[in-house]
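S.K.: Structure provided below as structure tokens; questions to follow.
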Amino acid sequence: MFIELDLQSEVPIYKQLADQLIEGIASGKLSSGQPLPSVRTLAADLGINLHTVNKAYQALKQEGFLEIHRKQGVIVQPGSLPSADEAFRERLRRDLRPLAAESAARGMSEDELQELLLSLYRQIQNPSSQGGTSP
Amino acid sequence: MNHTAAFIWITVLIDLLWLLALIGLPVFMTHMLLGVYVPPEERGLPQIGRIRRKFLLLALGGGAVGILLAAAAYRFSGGSEGWTLALLLIPQALCIAAAWNVSRSQALALKKERGWTLEDSPKRAAYIGPDRKRSVSGIPAWAYLLPLAIIAASVWIVARNWALIPDPMPVHFDAAGLPDRYQAKTIGSVYTLSFVQLGLTALFFLIHLSLGRMPKRLDPKDPEGSLRKNKQMLASTAYMLYFLSLAVNVMFSFMQALSTYAFEGTLPVGYLFVFLLLLIVPLIVLVVYTKRKGLADETVNRRFGDDRYWRGGLFYYNPNDPSFMTEKRYGLGWTFNFARPASWLITAAVTLLPIAAVAAAIAFGG
């Protein structure tokens with residue numbers, strides 16, 4: 001799997017990295033227990049500061065998507081992934097609200113919005129993965 | 001072979017290598033025109049071929065000047081080897097440098113006209129996938145047991161033939177292969193070359209190990225292709241290093257044998273020519289392979305590859321980069337940032353110290 005960053009994007013670099021890692025887990029491109037490059041290695045390969053990579057890794061570790069061991073290094077969560085619990089749903093509602101609002105303001109229909117979201121969801125869990133990792 | 005004939009052959013060989021390095025490299029590299037970066041889509045321009053051919057002609061002219069001066073020096077100094085080589089190599093280097101400057105200014109003018117540039121892209125790509133290895137494919141680490149075996153075999157054979165080794169034994173030879181310095185036969189003097197072999201093999205092995213651990217900055221426009229080429233580049237370099245390590249060890253084992261138990265009065269200089277070829281051929285093969293497969297672009301310094309950071313096309317000078325070293329412009333490895341004063345100090349030390357040591361040896365050696 002490749003990480004592709006845009007340093008001139010409005011989205012902070014660490015967030016681009018974290019988002020792509022989660023998408024990798026969702027699509028199955030990153031398999032359970034798969035080792036990831038060390039902070040130093042990935043920072044050198046991407047040509048970015050290692051604190052940026054560290055921030056992304058730490059954020060995902062907090063959520064439970066990654067495990068960081070002293071010897072093995074960074075690996076994708078080998079056990080069960082974090083669930084879509086109430087805290088997550090709360091965050092999801094909060095993040096989606098402005099997008100829903102703007103869609104309504106711009107006259108997008110309910111069906112169009114639903115279709116768009118579904119197609120994204122399906123695209124991410126594309127057939128080339130080994131059955132996806134979300135419940 | 002008598003002394004004069006041997007000296008001429010050696011001089012011819014040295015000069016061929018000298019000219020190959022000074023002229024061959026700038027002429028055969030397609031991605032650079034006399035140190036000026038050429039974008040891939042522009043490399044077919046006829047003007048580029050013209051500038052390269054003109055450089056070749058001027059440089060060969062410089063080569064001829066050196067040969068004439070060397071011949072004159074040989075005649076008028078009564079066969080002095082020092083003067084002959086000096087008046088061969090130094091004028092050639094100066095003429096070729098002048099040719100470089102002339103052709104490079106033409107290349108820069110063409111660059112300005114066509115707007116060539118290699119700016120660092122704001123996009124980045126890296127591979128994090130399932131099979132990230134820290135080793136290079138092609139040559140496994142245990143393959144370096146073979147050069148070690150060659151060394152061990154030589155040590156054992158020399159030990160078995162200890163009685164045949166002359167005492168004192170020859171430790172230095174002149175151009176015709178005749179010994180001109182002897183040393184008492186001790187474990188240290190007999191096995192000097194073995195220690196050198198061990199040191200060199202260790203060096204080759206360390207470089208082999210470091211190949212896999214180099215940062216892989218991929219081309220954001222084609223990460224998959226870039227990764228493939230990166231692996232090819234590293235694998236082919238690993239192969240070349242391995243063959244070099246084998247050739248070097250075989251060469252030294254041969255020399256050790258021929259100057260110890262198999263010594264028959266002279267060192268057959270002909271063998272040295274064969275071995276020099278064995279060293280050069282893998283390098284040339286790698287250069288040709290890299291060019292054929294279009295791998296040179298893969299090793300470009302994507303961050304600071306633009307001409308404005310490279311003085312004369314060769315020396316990295318970037319006051320805005322706090323780093324002391326940066327990746328080489330093309331190829332694997334690092335080079336100094338000459339905007340940092342420390343680089344000057346180290347370069348001076350590395351070049352001047354050996355010269356000072358030689359001067360001291362001459363002065364105090366009598």
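Going through the structure tokens in order, the chains are called A, B, and so on, while each chain numbers its residues from 1 and the ligands are numbered from 1 in the order shown.
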Using only C-alpha atoms, determine which residues of chain A fall within 10 Å of chain B; present them as a list in words.
M.R.: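 Going by the stated atoms only, the list reads Met1, Phe2, Ile3, Glu4, Leu5, Asp6, Leu7, Gln8, Ser9, Leu21, Gly24, Lys29, Leu30, Ser31, Gln34, Pro35, Leu36, Pro37, Ser38, Arg40, Thr41, Leu42, Ala43, Ala44, Asp45, Leu46, Gly47 and Ile48 of chain A.
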S.K.: From a DSSP pass on the backbone, collect the residues of chain A flagged as strand (DSSP E or B) and hand them back as an MDAnalysis selection string.
M.R.: chainID A and resid 2:6 35 66:69 73:76
S.K.: Taking N, CA, C and O atoms for each residue, export the selection above as a PDB file, in the first residue's frame.
M.R.:
ATOM      1  N   PHE A   2       0.422   2.272  -0.738  1.00  0.00           N
ATOM      2  CA  PHE A   2       1.189   3.519  -0.810  1.00  0.00           C
ATOM      3  C   PHE A   2       0.500   4.623  -0.020  1.00  0.00           C
ATOM      4  O   PHE A   2      -0.717   4.763  -0.049  1.00  0.00           O
ATOM      5  N   ILE A   3       1.300   5.427   0.657  1.00  0.00           N
ATOM      6  CA  ILE A   3       0.803   6.646   1.288  1.00  0.00           C
ATOM      7  C   ILE A   3       1.121   7.772   0.330  1.00  0.00           C
ATOM      8  O   ILE A   3       2.243   7.858  -0.183  1.00  0.00           O
ATOM      9  N   GLU A   4       0.133   8.624   0.043  1.00  0.00           N
ATOM     10  CA  GLU A   4       0.388   9.772  -0.835  1.00  0.00           C
ATOM     11  C   GLU A   4      -0.063  11.047  -0.158  1.00  0.00           C
ATOM     12  O   GLU A   4      -1.219  11.180   0.219  1.00  0.00           O
ATOM     13  N   LEU A   5       0.880  11.959   0.030  1.00  0.00           N
ATOM     14  CA  LEU A   5       0.589  13.190   0.752  1.00  0.00           C
ATOM     15  C   LEU A   5       0.647  14.400  -0.158  1.00  0.00           C
ATOM     16  O   LEU A   5       1.353  14.396  -1.170  1.00  0.00           O
ATOM     17  N   ASP A   6      -0.083  15.445   0.227  1.00  0.00           N
ATOM     18  CA  ASP A   6       0.003  16.717  -0.474  1.00  0.00           C
ATOM     19  C   ASP A   6       0.342  17.773   0.569  1.00  0.00           C
ATOM     20  O   ASP A   6      -0.506  18.152   1.380  1.00  0.00           O
ATOM     21  N   PRO A  35       2.982  -5.376  10.156  1.00  0.00           N
ATOM     22  CA  PRO A  35       3.915  -4.368  10.647  1.00  0.00           C
ATOM     23  C   PRO A  35       3.958  -3.146   9.734  1.00  0.00           C
ATOM     24  O   PRO A  35       3.858  -3.274   8.510  1.00  0.00           O
ATOM     25  N   LEU A  66      -3.848   0.969  16.010  1.00  0.00           N
ATOM     26  CA  LEU A  66      -2.465   0.487  15.913  1.00  0.00           C
ATOM     27  C   LEU A  66      -1.975   0.057  17.284  1.00  0.00           C
ATOM     28  O   LEU A  66      -2.508   0.485  18.313  1.00  0.00           O
ATOM     29  N   GLU A  67      -0.961  -0.788  17.270  1.00  0.00           N
ATOM     30  CA  GLU A  67      -0.270  -1.100  18.523  1.00  0.00           C
ATOM     31  C   GLU A  67       1.197  -0.754  18.344  1.00  0.00           C
ATOM     32  O   GLU A  67       1.762  -1.013  17.280  1.00  0.00           O
ATOM     33  N   ILE A  68       1.778  -0.160  19.371  1.00  0.00           N
ATOM     34  CA  ILE A  68       3.199   0.190  19.278  1.00  0.00           C
ATOM     35  C   ILE A  68       3.942  -0.584  20.365  1.00  0.00           C
ATOM     36  O   ILE A  68       3.735  -0.383  21.546  1.00  0.00           O
ATOM     37  N   HIS A  69       4.807  -1.505  19.915  1.00  0.00           N
ATOM     38  CA  HIS A  69       5.591  -2.305  20.857  1.00  0.00           C
ATOM     39  C   HIS A  69       7.030  -1.850  20.860  1.00  0.00           C
ATOM     40  O   HIS A  69       7.521  -1.304  19.877  1.00  0.00           O
ATOM     41  N   GLY A  73       7.846  -2.927  17.125  1.00  0.00           N
ATOM     42  CA  GLY A  73       7.577  -1.667  16.444  1.00  0.00           C
ATOM     43  C   GLY A  73       6.083  -1.447  16.297  1.00  0.00           C
ATOM     44  O   GLY A  73       5.286  -1.873  17.124  1.00  0.00           O
ATOM     45  N   VAL A  74       5.718  -0.788  15.217  1.00  0.00           N
ATOM     46  CA  VAL A  74       4.320  -0.422  14.990  1.00  0.00           C
ATOM     47  C   VAL A  74       3.636  -1.512  14.179  1.00  0.00           C
ATOM     48  O   VAL A  74       4.141  -1.929  13.134  1.00  0.00           O
ATOM     49  N   ILE A  75       2.500  -1.989  14.680  1.00  0.00           N
ATOM     50  CA  ILE A  75       1.723  -2.951  13.889  1.00  0.00           C
ATOM     51  C   ILE A  75       0.259  -2.553  13.875  1.00  0.00           C
ATOM     52  O   ILE A  75      -0.228  -1.874  14.778  1.00  0.00           O
ATOM     53  N   VAL A  76      -0.435  -3.025  12.824  1.00  0.00           N
ATOM     54  CA  VAL A  76      -1.880  -2.821  12.757  1.00  0.00           C
ATOM     55  C   VAL A  76      -2.515  -3.693  13.842  1.00  0.00           C
ATOM     56  O   VAL A  76      -2.030  -4.781  14.139  1.00  0.00           O
TER      57      VAL A  76
END
S.K.: Residues of segment 223-280 of chain B in alpha helix (DSSP H) according to DSSP, as a PyMOL selection string?
M.R.: chain B and resi 223-259+269-280
S.K.: Can you work out which one of B:Val250, B:Ala149, B:Val27, B:Leu89 has the shortest atom-to-atom distance to Thr11 of chain B, counting only C-alpha atoms?
M.R.: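 The shortest atom-to-atom distance to Thr11 of chain B comes from B:Leu89.
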